[in-house]
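**Student:** My structure is stored as model-v4.tsv, with TSV, C-alpha atoms (C1' of nucleotides).
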chain	number	residue	atom	x	y	z
A	1	MET	CA	107.31	124.13	167.31
A	2	ARG	CA	106.31	121.97	164.38
A	3	ILE	CA	109.02	119.42	165.07
A	4	LEU	CA	108.04	118.58	168.63
A	5	GLU	CA	104.42	118.43	167.55
A	6	ALA	CA	105.33	115.86	164.93
A	7	ALA	CA	107.29	113.82	167.44
A	8	ARG	CA	104.34	113.73	169.80
A	9	ALA	CA	102.00	112.74	167.01
A	10	ILE	CA	104.21	109.79	166.11
A	11	ALA	CA	104.51	108.71	169.74
A	12	ALA	CA	100.76	108.88	170.22
A	13	ARG	CA	100.03	106.98	167.03
A	14	GLU	CA	102.77	104.33	166.94
A	15	GLY	CA	104.44	104.31	170.34
A	16	ALA	CA	107.22	106.24	171.95
A	17	GLY	CA	109.88	103.95	170.52
A	18	LYS	CA	108.97	104.91	166.97
A	19	ILE	CA	110.25	108.44	167.34
A	20	THR	CA	113.15	108.52	164.91
A	21	ILE	CA	114.69	111.49	163.22
A	22	ASP	CA	113.55	110.26	159.82
A	23	ALA	CA	110.02	109.76	161.04
A	24	VAL	CA	109.91	113.18	162.64
A	25	ALA	CA	111.23	114.74	159.45
A	26	ARG	CA	108.56	113.04	157.36
A	27	GLU	CA	105.80	113.96	159.80
A	28	SER	CA	106.82	117.58	160.18
A	29	GLY	CA	107.36	118.16	156.48
A	30	LEU	CA	110.99	119.11	157.02
A	31	SER	CA	113.98	117.24	155.73
A	32	LYS	CA	116.18	115.22	158.00
A	33	GLY	CA	118.78	117.92	157.83
A	34	GLY	CA	116.22	120.49	158.85
A	35	VAL	CA	115.27	118.54	161.93
A	36	LEU	CA	118.89	118.09	162.91
A	37	TYR	CA	119.46	121.78	162.40
A	38	ASN	CA	116.93	122.54	165.12
A	39	PHE	CA	117.89	119.68	167.40
A	40	PRO	CA	121.50	118.67	166.85
A	41	SER	CA	120.94	115.15	168.14
A	42	LYS	CA	118.16	112.78	169.05
A	43	LYS	CA	118.88	113.28	172.72
A	44	ALA	CA	118.41	117.00	172.21
A	45	LEU	CA	115.07	116.35	170.53
A	46	LEU	CA	113.82	114.16	173.34
A	47	SER	CA	115.01	116.54	176.00
A	48	GLY	CA	113.28	119.31	174.05
A	49	LEU	CA	110.09	117.29	174.21
A	50	LEU	CA	110.44	116.79	177.93
A	51	ASN	CA	111.23	120.42	178.41
A	52	GLN	CA	108.13	121.46	176.54
A	53	MET	CA	106.10	119.26	178.82
A	54	LEU	CA	107.66	120.67	181.98
A	55	THR	CA	107.16	124.21	180.77
A	56	ALA	CA	103.53	123.65	179.87
A	57	HIS	CA	102.95	122.11	183.26
A	58	ARG	CA	104.62	124.99	185.03
A	59	GLU	CA	102.58	127.54	183.12
A	60	LEU	CA	99.35	125.77	183.95
A	61	VAL	CA	100.19	125.77	187.62
A	62	GLU	CA	100.93	129.48	187.54
A	63	THR	CA	97.42	130.35	186.36
A	64	LEU	CA	96.11	129.34	189.78
A	65	PRO	CA	95.42	132.06	192.38
A	66	GLN	CA	98.41	132.62	194.60
A	67	ASP	CA	97.07	132.12	198.09
A	68	LEU	CA	95.14	128.88	198.03
A	69	PRO	CA	95.83	126.34	200.70
A	70	SER	CA	97.84	123.40	199.31
A	71	ARG	CA	98.37	125.43	196.18
A	72	CYS	CA	101.07	123.25	194.72
A	73	LEU	CA	99.09	120.06	195.10
A	74	ARG	CA	96.02	121.70	193.57
A	75	GLY	CA	98.21	122.78	190.69
A	76	GLN	CA	99.28	119.20	190.05
A	77	LEU	CA	95.68	118.10	189.91
A	78	GLU	CA	94.47	120.84	187.61
A	79	ALA	CA	97.47	120.48	185.35
A	80	ILE	CA	96.96	116.78	184.88
A	81	LEU	CA	93.23	117.24	184.28
A	82	LYS	CA	93.82	119.95	181.70
A	83	MET	CA	96.41	117.84	179.89
A	84	ARG	CA	93.82	115.15	179.58
A	85	GLU	CA	91.19	117.52	178.16
A	86	ALA	CA	93.39	118.94	175.49
A	87	ASP	CA	94.49	115.61	174.17
A	88	VAL	CA	97.97	116.84	173.54
A	89	ASP	CA	99.82	113.88	174.87
A	90	LEU	CA	102.65	115.79	176.36
A	91	SER	CA	103.42	113.04	178.81
A	92	MET	CA	104.45	110.86	175.91
A	93	ALA	CA	107.80	112.54	176.32
A	94	ILE	CA	108.30	110.67	179.57
A	95	LEU	CA	107.99	107.31	177.91
A	96	ALA	CA	110.10	108.30	174.95
A	97	ALA	CA	112.86	109.54	177.19
A	98	ALA	CA	112.72	106.56	179.52
A	99	ALA	CA	112.98	104.18	176.62
A	100	SER	CA	115.88	105.83	174.89
A	101	ASP	CA	117.97	107.08	177.79
A	102	PRO	CA	116.83	107.13	181.42
A	103	GLN	CA	119.18	110.01	182.21
A	104	LEU	CA	116.99	112.28	180.13
A	105	LEU	CA	114.46	112.11	182.94
A	106	ASP	CA	116.79	113.95	185.32
A	107	PRO	CA	115.13	117.37	184.83
A	108	LEU	CA	111.76	115.80	185.52
A	109	ARG	CA	113.13	114.16	188.63
A	110	ALA	CA	114.53	117.44	189.86
A	111	GLU	CA	111.31	119.36	189.27
A	112	LEU	CA	109.14	116.68	190.80
A	113	SER	CA	111.44	116.49	193.78
A	114	GLU	CA	110.99	120.18	194.49
A	115	GLN	CA	107.26	120.00	194.06
A	116	ILE	CA	106.87	117.07	196.39
A	117	GLU	CA	108.91	118.89	198.98
A	118	VAL	CA	106.63	121.91	198.73
A	119	ILE	CA	103.49	119.79	198.80
A	120	LEU	CA	104.61	117.91	201.89
A	121	SER	CA	105.53	121.14	203.63
A	122	GLU	CA	102.12	122.63	202.91
A	123	THR	CA	100.27	120.14	205.08
A	124	GLN	CA	100.33	118.18	208.31
A	125	ASP	CA	98.88	115.05	206.77
A	126	ARG	CA	101.76	114.05	204.56
A	127	ALA	CA	100.52	110.53	203.94
A	128	THR	CA	97.27	111.72	202.40
A	129	ALA	CA	99.00	114.40	200.40
A	130	MET	CA	101.42	111.86	198.99
A	131	ILE	CA	98.63	109.47	198.17
A	132	VAL	CA	96.95	112.21	196.15
A	133	VAL	CA	100.21	112.81	194.30
A	134	LEU	CA	100.59	109.10	193.59
A	135	ALA	CA	97.00	108.80	192.44
A	136	LEU	CA	97.56	111.67	190.03
A	137	GLN	CA	100.65	109.98	188.65
A	138	GLY	CA	98.64	106.82	188.32
A	139	LEU	CA	95.96	108.71	186.45
A	140	ARG	CA	98.51	110.13	184.06
A	141	PHE	CA	100.08	106.79	183.26
A	142	GLN	CA	96.74	105.12	182.88
A	143	ASP	CA	95.87	107.68	180.23
A	144	LEU	CA	99.27	107.40	178.66
A	145	LEU	CA	99.19	103.64	178.24
A	146	ALA	CA	95.46	103.49	177.56
A	147	LEU	CA	94.96	101.26	180.55
A	148	PRO	CA	91.38	100.74	181.77
A	149	ASP	CA	90.06	103.03	184.46
A	150	GLY	CA	86.62	101.83	185.47
A	151	GLY	CA	84.68	104.03	183.10
A	152	PRO	CA	83.79	107.72	183.01
A	153	GLN	CA	81.51	107.88	186.04
A	154	VAL	CA	84.10	106.26	188.28
A	155	ARG	CA	86.71	108.61	186.91
A	156	LYS	CA	84.52	111.59	187.63
A	157	SER	CA	83.90	110.55	191.21
A	158	VAL	CA	87.63	109.92	191.62
A	159	VAL	CA	88.42	113.47	190.59
A	160	GLU	CA	85.77	114.85	192.94
A	161	ARG	CA	87.10	112.76	195.79
A	162	LEU	CA	90.66	113.87	195.11
A	163	ARG	CA	89.49	117.46	195.26
A	164	THR	CA	87.77	117.01	198.62
A	165	MET	CA	90.83	115.17	199.92
A	166	ILE	CA	92.89	118.24	199.11
A	167	ASP	CA	90.30	120.56	200.62
A	168	GLU	CA	90.35	118.60	203.87
A	169	LEU	CA	94.12	118.70	204.17
A	170	GLU	CA	93.91	122.17	205.81
B	1	MET	CA	114.20	81.69	182.16
B	2	ARG	CA	117.69	83.07	181.60
B	3	ILE	CA	116.65	84.97	178.51
B	4	LEU	CA	113.91	87.04	180.08
B	5	GLU	CA	116.13	87.70	183.06
B	6	ALA	CA	118.79	89.07	180.75
B	7	ALA	CA	116.25	91.27	178.97
B	8	ARG	CA	115.12	92.72	182.28
B	9	ALA	CA	118.68	93.35	183.38
B	10	ILE	CA	119.38	95.31	180.21
B	11	ALA	CA	116.19	97.31	180.57
B	12	ALA	CA	116.96	98.14	184.19
B	13	ARG	CA	120.54	99.14	183.42
B	14	GLU	CA	120.26	100.97	180.11
B	15	GLY	CA	116.59	101.62	179.48
B	16	ALA	CA	113.77	99.68	177.94
B	17	GLY	CA	114.68	100.79	174.44
B	18	LYS	CA	118.03	99.06	174.58
B	19	ILE	CA	116.52	95.59	174.59
B	20	THR	CA	117.77	94.12	171.32
B	21	ILE	CA	118.13	90.50	170.37
B	22	ASP	CA	121.89	90.83	170.11
B	23	ALA	CA	122.11	92.48	173.51
B	24	VAL	CA	119.91	89.83	175.11
B	25	ALA	CA	122.04	87.10	173.56
B	26	ARG	CA	125.22	88.66	174.91
B	27	GLU	CA	123.73	89.19	178.37
B	28	SER	CA	122.25	85.73	178.70
B	29	GLY	CA	125.32	83.93	177.43
B	30	LEU	CA	123.35	82.33	174.62
B	31	SER	CA	123.98	82.87	170.97
B	32	LYS	CA	121.65	84.96	168.89
B	33	GLY	CA	120.37	81.79	167.28
B	34	GLY	CA	119.63	80.39	170.72
B	35	VAL	CA	117.57	83.39	171.69
B	36	LEU	CA	115.61	83.26	168.47
B	37	TYR	CA	115.10	79.56	168.98
B	38	ASN	CA	113.22	80.30	172.22
B	39	PHE	CA	111.47	83.44	171.04
B	40	PRO	CA	111.01	83.45	167.30
B	41	SER	CA	110.77	87.24	167.12
B	42	LYS	CA	111.35	90.30	169.18
B	43	LYS	CA	107.65	90.77	169.66
B	44	ALA	CA	107.47	87.27	171.08
B	45	LEU	CA	110.26	88.10	173.47
B	46	LEU	CA	108.58	91.24	174.73
B	47	SER	CA	105.22	89.56	175.06
B	48	GLY	CA	107.01	86.79	176.95
B	49	LEU	CA	108.38	89.40	179.31
B	50	LEU	CA	104.96	90.87	179.87
B	51	ASN	CA	103.48	87.45	180.35
B	52	GLN	CA	106.05	86.59	182.98
B	53	MET	CA	105.12	89.72	184.82
B	54	LEU	CA	101.40	89.01	184.68
B	55	THR	CA	101.95	85.43	185.84
B	56	ALA	CA	104.15	86.46	188.75
B	57	HIS	CA	101.56	89.01	189.76
B	58	ARG	CA	98.77	86.48	189.59
B	59	GLU	CA	100.70	83.97	191.66
B	60	LEU	CA	101.43	86.53	194.32
B	61	VAL	CA	97.76	87.42	194.60
B	62	GLU	CA	96.82	83.77	194.98
B	63	THR	CA	98.94	83.35	198.11
B	64	LEU	CA	96.48	85.57	199.97
B	65	PRO	CA	93.77	83.92	202.12
B	66	GLN	CA	90.58	83.40	200.16
B	67	ASP	CA	87.95	85.15	202.24
B	68	LEU	CA	89.36	88.57	203.02
B	69	PRO	CA	87.20	91.60	202.40
B	70	SER	CA	88.39	93.50	199.32
B	71	ARG	CA	90.66	90.60	198.55
B	72	CYS	CA	91.52	91.63	195.03
B	73	LEU	CA	92.53	95.14	196.02
B	74	ARG	CA	94.65	93.81	198.88
B	75	GLY	CA	96.29	91.49	196.41
B	76	GLN	CA	97.25	94.43	194.20
B	77	LEU	CA	98.85	96.18	197.14
B	78	GLU	CA	100.81	93.19	198.39
B	79	ALA	CA	101.91	92.23	194.92
B	80	ILE	CA	103.29	95.66	194.19
B	81	LEU	CA	105.02	95.85	197.57
B	82	LYS	CA	106.63	92.44	197.08
B	83	MET	CA	107.83	93.36	193.61
B	84	ARG	CA	109.57	96.34	195.13
B	85	GLU	CA	111.28	94.24	197.83
B	86	ALA	CA	112.67	91.70	195.49
B	87	ASP	CA	114.14	94.25	193.15
B	88	VAL	CA	113.22	92.20	190.14
B	89	ASP	CA	112.01	94.97	187.92
B	90	LEU	CA	109.28	92.98	186.31
B	91	SER	CA	107.37	96.12	185.46
B	92	MET	CA	110.13	97.07	183.07
B	93	ALA	CA	108.23	94.90	180.62
B	94	ILE	CA	105.48	97.49	180.54
B	95	LEU	CA	107.82	100.21	179.38
B	96	ALA	CA	109.58	97.98	176.90
B	97	ALA	CA	106.31	96.90	175.38
B	98	ALA	CA	104.83	100.38	175.30
B	99	ALA	CA	107.90	101.71	173.54
B	100	SER	CA	108.14	99.07	170.89
B	101	ASP	CA	104.50	98.31	170.15
B	102	PRO	CA	101.57	99.54	172.22
B	103	GLN	CA	99.44	96.59	171.12
B	104	LEU	CA	101.63	94.32	173.21
B	105	LEU	CA	99.97	95.82	176.25
B	106	ASP	CA	96.61	94.33	175.31
B	107	PRO	CA	96.90	91.33	177.67
B	108	LEU	CA	97.77	93.69	180.50
B	109	ARG	CA	94.79	95.85	179.64
B	110	ALA	CA	92.50	92.86	179.66
B	111	GLU	CA	93.76	91.56	182.99
B	112	LEU	CA	93.66	94.95	184.62
B	113	SER	CA	90.18	95.52	183.31
B	114	GLU	CA	88.92	92.38	184.99
B	115	GLN	CA	90.64	93.18	188.24
B	116	ILE	CA	89.26	96.69	188.38
B	117	GLU	CA	85.80	95.31	187.78
B	118	VAL	CA	86.20	92.89	190.68
B	119	ILE	CA	87.66	95.54	192.94
B	120	LEU	CA	84.84	97.96	192.25
B	121	SER	CA	82.25	95.25	192.83
B	122	GLU	CA	83.78	94.37	196.17
B	123	THR	CA	82.96	97.71	197.75
B	124	GLN	CA	80.38	100.46	198.05
B	125	ASP	CA	82.94	103.24	198.04
B	126	ARG	CA	84.18	102.95	194.50
B	127	ALA	CA	85.89	106.31	194.44
B	128	THR	CA	88.19	105.41	197.33
B	129	ALA	CA	88.86	101.96	195.95
B	130	MET	CA	89.84	103.43	192.60
B	131	ILE	CA	92.05	106.00	194.24
B	132	VAL	CA	93.91	103.22	196.00
B	133	VAL	CA	94.36	101.44	192.69
B	134	LEU	CA	95.65	104.61	191.06
B	135	ALA	CA	98.00	105.31	193.93
B	136	LEU	CA	99.42	101.81	193.58
B	137	GLN	CA	99.96	102.37	189.87
B	138	GLY	CA	101.63	105.65	190.73
B	139	LEU	CA	103.87	103.88	193.20
B	140	ARG	CA	104.88	101.33	190.61
B	141	PHE	CA	105.77	103.89	187.99
B	142	GLN	CA	107.58	106.05	190.45
B	143	ASP	CA	109.80	103.08	191.26
B	144	LEU	CA	110.14	102.16	187.64
B	145	LEU	CA	111.31	105.56	186.49
B	146	ALA	CA	113.23	106.29	189.68
B	147	LEU	CA	111.12	109.35	190.30
B	148	PRO	CA	111.37	110.94	193.76
B	149	ASP	CA	108.89	109.85	196.41
B	150	GLY	CA	109.40	111.97	199.50
B	151	GLY	CA	111.78	109.62	201.24
B	152	PRO	CA	111.41	106.32	203.09
B	153	GLN	CA	109.38	107.52	206.06
B	154	VAL	CA	106.77	109.16	203.86
B	155	ARG	CA	106.64	106.03	201.77
B	156	LYS	CA	106.14	103.91	204.83
B	157	SER	CA	103.29	106.04	206.08
B	158	VAL	CA	101.74	105.97	202.61
B	159	VAL	CA	101.68	102.20	202.63
B	160	GLU	CA	100.16	102.14	206.11
B	161	ARG	CA	97.52	104.63	205.08
B	162	LEU	CA	96.67	102.67	201.96
B	163	ARG	CA	96.21	99.59	204.10
B	164	THR	CA	93.82	101.35	206.48
B	165	MET	CA	91.94	102.80	203.53
B	166	ILE	CA	91.36	99.28	202.29
B	167	ASP	CA	90.38	98.08	205.75
B	168	GLU	CA	87.80	100.83	206.05
B	169	LEU	CA	86.21	100.06	202.70
B	170	GLU	CA	84.08	97.27	204.33
C	1	DC	C1'	118.16	151.14	142.22
C	2	DA	C1'	121.22	147.22	141.70
C	3	DA	C1'	125.05	144.60	142.95
C	4	DC	C1'	127.05	142.38	146.62
C	5	DC	C1'	127.66	140.02	151.00
C	6	DT	C1'	126.22	137.53	155.11
C	7	DA	C1'	124.01	134.49	158.13
C	8	DA	C1'	120.42	131.67	159.35
C	9	DA	C1'	117.41	127.99	157.88
C	10	DC	C1'	117.10	124.18	155.39
C	11	DC	C1'	117.95	120.24	151.78
C	12	DG	C1'	119.29	115.67	150.52
C	13	DA	C1'	122.94	112.50	149.39
C	14	DC	C1'	125.77	109.77	151.83
C	15	DC	C1'	127.98	106.79	155.57
C	16	DA	C1'	128.98	103.40	159.14
C	17	DG	C1'	127.03	100.77	162.23
C	18	DA	C1'	123.03	98.55	164.45
C	19	DC	C1'	118.98	96.10	163.91
C	20	DG	C1'	115.67	92.07	163.19
C	21	DG	C1'	115.70	88.08	160.96
C	22	DT	C1'	117.30	83.90	158.01
C	23	DA	C1'	120.00	79.94	156.87
C	24	DC	C1'	122.45	76.21	157.86
C	25	DA	C1'	126.16	73.04	158.99
C	26	DG	C1'	127.72	71.33	163.16
C	27	DT	C1'	127.66	69.60	168.41
C	28	DG	C1'	126.80	67.53	172.71
C	29	DT	C1'	123.43	65.23	175.50
C	30	DG	C1'	119.67	62.23	176.97
D	1	DC	C1'	117.60	59.47	166.72
D	2	DA	C1'	115.67	64.05	168.37
D	3	DC	C1'	116.29	68.07	170.94
D	4	DA	C1'	118.31	72.22	172.16
D	5	DC	C1'	121.14	74.66	171.03
D	6	DT	C1'	126.05	77.02	168.84
D	7	DG	C1'	128.67	79.70	165.48
D	8	DT	C1'	129.02	82.15	161.62
D	9	DA	C1'	127.81	84.23	157.75
D	10	DC	C1'	124.68	86.88	155.55
D	11	DC	C1'	120.69	90.14	154.07
D	12	DG	C1'	117.82	94.20	153.67
D	13	DT	C1'	116.42	97.86	156.22
D	14	DC	C1'	116.62	101.47	159.51
D	15	DT	C1'	119.15	104.71	162.35
D	16	DG	C1'	121.74	108.60	164.04
D	17	DG	C1'	124.72	111.70	162.26
D	18	DT	C1'	127.85	114.32	158.83
D	19	DC	C1'	128.57	117.37	155.15
D	20	DG	C1'	128.55	120.17	151.13
D	21	DG	C1'	125.40	122.76	148.94
D	22	DT	C1'	121.08	125.72	148.26
D	23	DT	C1'	117.48	128.91	149.37
D	24	DT	C1'	115.82	133.02	151.67
D	25	DA	C1'	115.79	137.49	154.18
D	26	DG	C1'	118.10	141.27	155.33
D	27	DG	C1'	121.48	144.56	155.38
D	28	DT	C1'	125.48	147.43	153.13
D	29	DT	C1'	127.57	149.83	149.64
D	30	DG	C1'	128.32	152.26	145.19
Have the structure of the file written as structure tokens, please.

**Tutor:**
Amino acid sequence: MRILEAARAIAAREGAGKITIDAVARESGLSKGGVLYNFPSKKALLSGLLNQMLTAHRELVETLPQDLPSRCLRGQLEAILKMREADVDLSMAILAAAASDPQLLDPLRAELSEQIEVILSETQDRATAMIVVLALQGLRFQDLLALPDGGPQVRKSVVERLRTMIDELE
Amino acid sequence: MRILEAARAIAAREGAGKITIDAVARESGLSKGGVLYNFPSKKALLSGLLNQMLTAHRELVETLPQDLPSRCLRGQLEAILKMREADVDLSMAILAAAASDPQLLDPLRAELSEQIEVILSETQDRATAMIVVLALQGLRFQDLLALPDGGPQVRKSVVERLRTMIDELE
DNA sequence: CAACCTAAACCGACCAGACGGTACAGTGTG
DNA sequence: CACACTGTACCGTCTGGTCGGTTTAGGTTG
């Protein structure tokens, strides 16, 4: 969808708070009316953004083979790594939503809640599993806010280590 | 400072994007003129918020004994835990700044960059150290956005585990 | 084939209110 | 007196949203 693409581009370039209907219209080449035809309100637009992110994430997870140990946790890792490769800043939706109306994050909360439940049930060592989840979240936000991360070689070893942590969860 | 307090209260209650000069004036009991007397622009206000957060963080770290191993990393952990206890949502400043103008995060980036450098230099096992840092960031954002975290007992065991991870870094 | 109709997709002018910021005369306090 | 405000009025711009109209694609009918 051209509209959501435009919204993400604005967020990436100027910050999540700069997503306005006018700006999205300009960026997408549509008129303001056209944008509001597709998303009848700004809330709808932002929740569309978030939804797109959740869907993309879900689809990525589903490409993984079915019977891996700690499958859900592995999915989280691969999804976040892939999002970083393709520099489609889908996570920008989180910031945009949080800034404009925290309630918009409810679907994300629900989905994440389920996933954490599954992840914790897949292992005996819940503390380690949760630490991996938190580290992945940290990774995502560090990317999102362009916070420093110790450089590429540290990042690479972090990813490797996270992978072995998951492998050793049994 | 009453003004920054008011700004944080608004952000916590209605979202970071709802911080406006009028709203802050109302919340703090000052007049709009009074707010703008203290912070000559909205950018100044937000960077004041961020600065308050960085200062509080720095002060917390300095209360730790000087000659601990991995002192800087420990400081990160204790600071983030203390912030959570006192439910002063200082980190709200990060969201507010990111939404309105990503450049405002530059001081945070600089400070974090230094700290990561120190943390990585304090240990041989840089991957683990960095994972702890990322997990702490994850923890902070999970609080900030009210994302689910597996419940109090998981959280408790996560904190314990993070502590032993630091202890074992040598 | 053309004339007609319909519905979806879109345009762009407009509106009311919010926003950041300015200006400035006054006020109480040390 | 200076300082730290208050209160109010104002300005230009931006914002979300409405609304009447236009374009386009695709039937249906004679």

**Student:** Interatomic distance between atom CA of Val24 of chain B and atom CA of Ala98 of chain A?

**Tutor:**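 For atom CA of Val24 of chain B relative to atom CA of Ala98 of chain A, the distance reads 18.7 Å.
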
**Student:** Counting all atoms listed in the file, collect the residues of chain D whose closest atom lies at most 9 Å from chain A, and write them out as a list in words.

**Tutor:** DT15, DG16 and DG17 of chain D

**Student:** Atoms to include: C-alpha atoms (C1' of nucleotides). Write the selected residues as a JSON list (two decimals), in the frame of the given file.

**Tutor:**
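And here is the file that came out, out.json:
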[["chain", "number", "residue", "atom", "x", "y", "z"],
["D", 15, "DT", "C1'", 119.15, 104.71, 162.35],
["D", 16, "DG", "C1'", 121.74, 108.60, 164.04],
["D", 17, "DG", "C1'", 124.72, 111.70, 162.26]]

**Student:** Using all atoms listed in the file, find which residues of chain A lie within 9 Å of chain B and jot them down as a ChimeraX atom specification.

**Tutor:** /A:11,14-18,95-96,98-102,105-106,108-110,112-113,116-117,120,126-128,130-142,145-150,154-162

**Student:** Go ahead and compute the interatomic distance for atom C1' of DT22 of chain D and atom CA of Leu45 of chain A, in Å to one decimal.

**Tutor:** 24.9 Å

**Student:** To test the calculation: enclose all listed atoms of segment 95-113 of chain A in a box whose edges run along x, y and z, add 6 Å on each side, then state centre and edge lengths in Å to one decimal, as AutoDock Vina command-line options.

**Tutor:**
--center_x 113.6 --center_y 111.8 --center_z 184.3 --size_x 23.2 --size_y 27.2 --size_z 30.9

**Student:** Between atom C1' of DA23 of chain C and atom C1' of DA9 of chain D, what is the distance in Å, rounded to a tenth?

**Tutor:**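 A separation of 9.0 Å between them.
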
**Student:** Taking all atoms listed in the file into account and nothing else, which residues of chain C lie no more than 9 Å away from chain B? Please answer as an NGL selection string.

**Tutor:** :C and (19-21)

**Student:** For Gln52 of chain B, work out the shell of residues within 9 Å, counting all atoms listed in the file and skipping chain neighbours fewer than 5 positions away, then give it as JSON, numbers by chain.

**Tutor:** {"B": [4, 47, 57, 90, 93]}

**Student:** If I only have part of segment 120-141 of chain B, can you fill in N, CA and C atoms and write it as a PDB file, in the coordinates of the input?

**Tutor:**
ATOM      1  N   LEU B 120      85.953  97.013 192.099  1.00  0.00           N
ATOM      2  CA  LEU B 120      84.840  97.960 192.250  1.00  0.00           C
ATOM      3  C   LEU B 120      83.578  97.254 192.742  1.00  0.00           C
ATOM      4  N   SER B 121      83.452  95.974 192.398  1.00  0.00           N
ATOM      5  CA  SER B 121      82.250  95.250 192.830  1.00  0.00           C
ATOM      6  C   SER B 121      82.363  94.807 194.279  1.00  0.00           C
ATOM      7  N   GLU B 122      83.592  94.830 194.794  1.00  0.00           N
ATOM      8  CA  GLU B 122      83.780  94.370 196.170  1.00  0.00           C
ATOM      9  C   GLU B 122      83.463  95.434 197.215  1.00  0.00           C
ATOM     10  N   THR B 123      83.146  96.627 196.793  1.00  0.00           N
ATOM     11  CA  THR B 123      82.960  97.710 197.750  1.00  0.00           C
ATOM     12  C   THR B 123      81.830  98.642 197.345  1.00  0.00           C
ATOM     13  N   GLN B 124      81.356  99.415 198.348  1.00  0.00           N
ATOM     14  CA  GLN B 124      80.380 100.460 198.050  1.00  0.00           C
ATOM     15  C   GLN B 124      81.094 101.749 197.640  1.00  0.00           C
ATOM     16  N   ASP B 125      82.229 101.970 198.259  1.00  0.00           N
ATOM     17  CA  ASP B 125      82.940 103.240 198.040  1.00  0.00           C
ATOM     18  C   ASP B 125      83.915 103.116 196.869  1.00  0.00           C
ATOM     19  N   ARG B 126      83.354 103.212 195.681  1.00  0.00           N
ATOM     20  CA  ARG B 126      84.180 102.950 194.500  1.00  0.00           C
ATOM     21  C   ARG B 126      85.223 104.015 194.277  1.00  0.00           C
ATOM     22  N   ALA B 127      84.909 105.250 194.656  1.00  0.00           N
ATOM     23  CA  ALA B 127      85.890 106.310 194.440  1.00  0.00           C
ATOM     24  C   ALA B 127      87.162 106.026 195.229  1.00  0.00           C
ATOM     25  N   THR B 128      87.011 105.698 196.506  1.00  0.00           N
ATOM     26  CA  THR B 128      88.190 105.410 197.330  1.00  0.00           C
ATOM     27  C   THR B 128      88.949 104.201 196.796  1.00  0.00           C
ATOM     28  N   ALA B 129      88.210 103.156 196.473  1.00  0.00           N
ATOM     29  CA  ALA B 129      88.860 101.960 195.950  1.00  0.00           C
ATOM     30  C   ALA B 129      89.703 102.294 194.720  1.00  0.00           C
ATOM     31  N   MET B 130      89.121 103.088 193.834  1.00  0.00           N
ATOM     32  CA  MET B 130      89.840 103.430 192.600  1.00  0.00           C
ATOM     33  C   MET B 130      91.050 104.303 192.900  1.00  0.00           C
ATOM     34  N   ILE B 131      90.913 105.156 193.886  1.00  0.00           N
ATOM     35  CA  ILE B 131      92.050 106.000 194.240  1.00  0.00           C
ATOM     36  C   ILE B 131      93.202 105.149 194.762  1.00  0.00           C
ATOM     37  N   VAL B 132      92.861 104.119 195.521  1.00  0.00           N
ATOM     38  CA  VAL B 132      93.910 103.220 196.000  1.00  0.00           C
ATOM     39  C   VAL B 132      94.599 102.541 194.807  1.00  0.00           C
ATOM     40  N   VAL B 133      93.783 102.072 193.875  1.00  0.00           N
ATOM     41  CA  VAL B 133      94.360 101.440 192.690  1.00  0.00           C
ATOM     42  C   VAL B 133      95.299 102.408 191.969  1.00  0.00           C
ATOM     43  N   LEU B 134      94.831 103.627 191.775  1.00  0.00           N
ATOM     44  CA  LEU B 134      95.650 104.610 191.060  1.00  0.00           C
ATOM     45  C   LEU B 134      96.922 104.917 191.828  1.00  0.00           C
ATOM     46  N   ALA B 135      96.813 105.036 193.134  1.00  0.00           N
ATOM     47  CA  ALA B 135      98.000 105.310 193.930  1.00  0.00           C
ATOM     48  C   ALA B 135      99.009 104.174 193.798  1.00  0.00           C
ATOM     49  N   LEU B 136      98.519 102.954 193.734  1.00  0.00           N
ATOM     50  CA  LEU B 136      99.420 101.810 193.580  1.00  0.00           C
ATOM     51  C   LEU B 136     100.122 101.864 192.227  1.00  0.00           C
ATOM     52  N   GLN B 137      99.344 102.187 191.191  1.00  0.00           N
ATOM     53  CA  GLN B 137      99.960 102.370 189.870  1.00  0.00           C
ATOM     54  C   GLN B 137     101.011 103.455 189.933  1.00  0.00           C
ATOM     55  N   GLY B 138     100.676 104.547 190.602  1.00  0.00           N
ATOM     56  CA  GLY B 138     101.630 105.650 190.730  1.00  0.00           C
ATOM     57  C   GLY B 138     102.896 105.185 191.405  1.00  0.00           C
ATOM     58  N   LEU B 139     102.725 104.424 192.464  1.00  0.00           N
ATOM     59  CA  LEU B 139     103.870 103.880 193.200  1.00  0.00           C
ATOM     60  C   LEU B 139     104.762 103.057 192.290  1.00  0.00           C
ATOM     61  N   ARG B 140     104.129 102.211 191.503  1.00  0.00           N
ATOM     62  CA  ARG B 140     104.880 101.330 190.610  1.00  0.00           C
ATOM     63  C   ARG B 140     105.685 102.133 189.588  1.00  0.00           C
ATOM     64  N   PHE B 141     105.065 103.132 189.010  1.00  0.00           N
ATOM     65  CA  PHE B 141     105.770 103.890 187.990  1.00  0.00           C
ATOM     66  C   PHE B 141     106.842 104.778 188.594  1.00  0.00           C
TER      67      PHE B 141
END
